[in-house]
>>> print(open('structure-v2.txt').read())   # compact mmCIF, C-alpha atoms
# COMPACT_ATOMS: atom_id res chain seq x y z
CA MET A 1 42.68 45.43 6.50
CA SER A 2 43.40 45.67 10.21
CA VAL A 3 46.91 45.89 11.64
CA ILE A 4 47.83 43.22 14.20
CA VAL A 5 50.45 43.92 16.88
CA ILE A 6 52.05 41.59 19.40
CA ALA A 7 53.95 43.49 22.10
CA THR A 8 55.90 41.57 24.73
CA LEU A 9 56.89 43.24 27.98
CA THR A 10 59.42 41.44 30.16
CA PRO A 11 59.15 42.49 33.80
CA LYS A 12 62.03 42.51 36.21
CA PRO A 13 61.88 39.48 38.54
CA GLY A 14 58.81 39.58 40.76
CA ARG A 15 57.28 42.62 39.05
CA ASN A 16 54.81 41.02 36.62
CA GLN A 17 51.81 42.20 38.66
CA GLU A 18 52.99 45.81 38.46
CA ILE A 19 52.82 45.61 34.68
CA LEU A 20 49.33 44.10 34.84
CA ASP A 21 48.20 46.78 37.31
CA ALA A 22 49.46 49.50 34.95
CA LEU A 23 47.59 47.90 32.06
CA ALA A 24 44.41 47.86 34.14
CA VAL A 25 44.73 51.67 34.34
CA VAL A 26 45.77 52.29 30.73
CA SER A 27 43.74 49.71 28.77
CA PRO A 28 40.41 51.57 28.99
CA LYS A 29 42.16 54.64 27.59
CA ALA A 30 43.64 52.65 24.71
CA HIS A 31 40.25 51.05 24.07
CA ALA A 32 38.79 54.54 23.62
CA GLU A 33 41.39 55.57 21.04
CA PRO A 34 40.21 55.88 17.45
CA GLY A 35 40.88 52.70 15.50
CA CYS A 36 41.40 50.42 18.50
CA GLU A 37 39.67 47.14 17.70
CA LEU A 38 41.49 44.97 20.26
CA TYR A 39 43.91 45.74 23.08
CA ALA A 40 44.18 42.65 25.27
CA ALA A 41 46.75 41.65 27.90
CA HIS A 42 47.91 38.07 28.47
CA THR A 43 50.57 36.66 30.76
CA ASP A 44 52.46 33.44 31.29
CA GLY A 45 53.75 34.68 34.65
CA ASP A 46 57.12 35.71 33.24
CA ARG A 47 56.06 38.10 30.49
CA VAL A 48 53.06 40.21 29.58
CA ILE A 49 51.94 39.86 25.99
CA MET A 50 49.65 42.43 24.41
CA VAL A 51 47.58 41.37 21.42
CA GLU A 52 46.35 44.43 19.58
CA ARG A 53 44.34 45.12 16.45
CA TRP A 54 44.13 48.59 14.93
CA SER A 55 41.92 49.68 12.04
CA THR A 56 44.79 51.25 10.11
CA ALA A 57 48.53 51.84 10.32
CA ASP A 58 47.74 55.51 10.96
CA HIS A 59 45.66 54.57 14.02
CA LEU A 60 48.52 52.41 15.29
CA ALA A 61 50.97 55.28 14.75
CA ALA A 62 48.68 57.64 16.67
CA HIS A 63 48.53 55.12 19.53
CA GLY A 64 52.33 54.89 19.50
CA ALA A 65 52.59 58.65 19.92
CA GLY A 66 49.57 58.97 22.22
CA ALA A 67 48.89 59.63 25.86
CA ALA A 68 47.84 56.09 26.80
CA LEU A 69 51.12 54.52 25.70
CA ALA A 70 53.11 57.36 27.26
CA GLU A 71 51.30 56.75 30.55
CA LEU A 72 51.94 53.00 30.30
CA ASN A 73 55.64 53.64 29.77
CA GLU A 74 55.70 55.99 32.75
CA LEU A 75 53.89 53.51 35.01
CA THR A 76 56.01 50.53 34.00
CA GLY A 77 59.44 52.05 33.37
CA HIS A 78 60.77 50.97 36.75
CA ALA A 79 59.33 47.44 36.46
CA VAL A 80 60.39 46.30 32.99
CA ALA A 81 63.70 44.62 32.22
CA GLY A 82 64.05 46.48 28.92
CA PRO A 83 62.09 47.91 26.02
CA ALA A 84 59.01 46.10 24.81
CA GLU A 85 59.46 43.78 21.85
CA VAL A 86 56.86 44.97 19.34
CA ARG A 87 55.96 43.07 16.21
CA VAL A 88 53.54 44.37 13.59
CA LEU A 89 52.14 41.40 11.72
CA ALA A 90 50.52 40.80 8.36
CA ASN A 91 47.26 38.89 8.66
CA MET A 92 47.19 35.54 6.82
CA PRO A 93 43.51 34.47 7.01
CA PHE A 94 43.67 30.76 6.14
CA GLY A 95 40.91 28.19 6.61
CA ASP A 96 37.70 28.99 8.44
CA PRO A 97 37.17 32.79 8.27
CA ALA A 98 35.95 32.82 11.89
CA LYS A 99 38.94 30.84 13.19
CA GLY A 100 41.76 31.72 10.82
CA THR A 101 42.23 35.34 11.87
CA ILE A 102 42.12 37.58 14.93
CA GLN A 103 38.72 39.19 14.64
>>> encode(input="structure-v2.txt", output="structure tokens")
Amino acid sequence: MSVIVIATLTPKPGRNQEILDALAVVSPKAHAEPGCELYAAHTDGDRVIMVERWSTADHLAAHGAGAALAELNELTGHAVAGPAEVRVLANMPFGDPAKGTIQ
């Protein structure tokens, strides 16, 4: 079963766009990594939330140690208020199979 990750980056005041610009550079590289099924940025204007899905925990671990994430950290280090809050979630597919899980 896939591994779901929610990573929240909190930019310093006025620096949200810098985080999004860095993700525009890095996302295609993450998309090309083995096991990447979803790597999608979202924002509410105050935070950037990444919704990710990896084929296996090993693929997620490789991403965590990989070049794309290292580049993202380098590009955003000056713009974030602190470390990303990363949550690895267990999928609970209730109800309609097409609507009850991140596919």
>>> residues_around(input="structure-v2.txt", residues="Glu52 of chain A", least_positions_apart="3", cutoff="7 Å", atoms="only C-alpha atoms", output="ChimeraX atom specification")
/A:4-6,38-40
>>> closest_residue(input="structure-v2.txt", among="A:Pro11, A:Pro28, A:Gly66, A:Pro34", to="Ile49 of chain A", atoms="only C-alpha atoms")
A:Pro11
>>> axis_aligned_box(input="structure-v2.txt", around="segment 66-71 of chain A", padding_each_side="3 Å", output="AutoDock Vina command-line options")
--center_x 50.5 --center_y 57.1 --center_z 26.4 --size_x 11.3 --size_y 11.1 --size_z 14.3
>>> closest_residue(input="structure-v2.txt", among="A:Lys99, A:Pro93, A:Lys12, A:Glu74", to="Arg47 of chain A", atoms="all atoms listed in the file")
A:Lys12
>>> atom_distance(input="structure-v2.txt", atom1="atom CA of His78 of chain A", atom2="atom CA of Asn16 of chain A")
11.6 Å
>>> residues_around(input="structure-v2.txt", residues="Asn91 of chain A", least_positions_apart="3", cutoff="8 Å", atoms="only C-alpha atoms", output="list in words")
Ser2, Val3, Ile4 and Thr101 of chain A
>>> closest_residue(input="structure-v2.txt", among="A:Arg53, A:Arg15, A:His31, A:His59", to="Thr76 of chain A", atoms="only C-alpha atoms")
A:Arg15
>>> atom_distance(input="structure-v2.txt", atom1="atom CA of Leu60 of chain A", atom2="atom CA of Ser27 of chain A")
14.6 Å
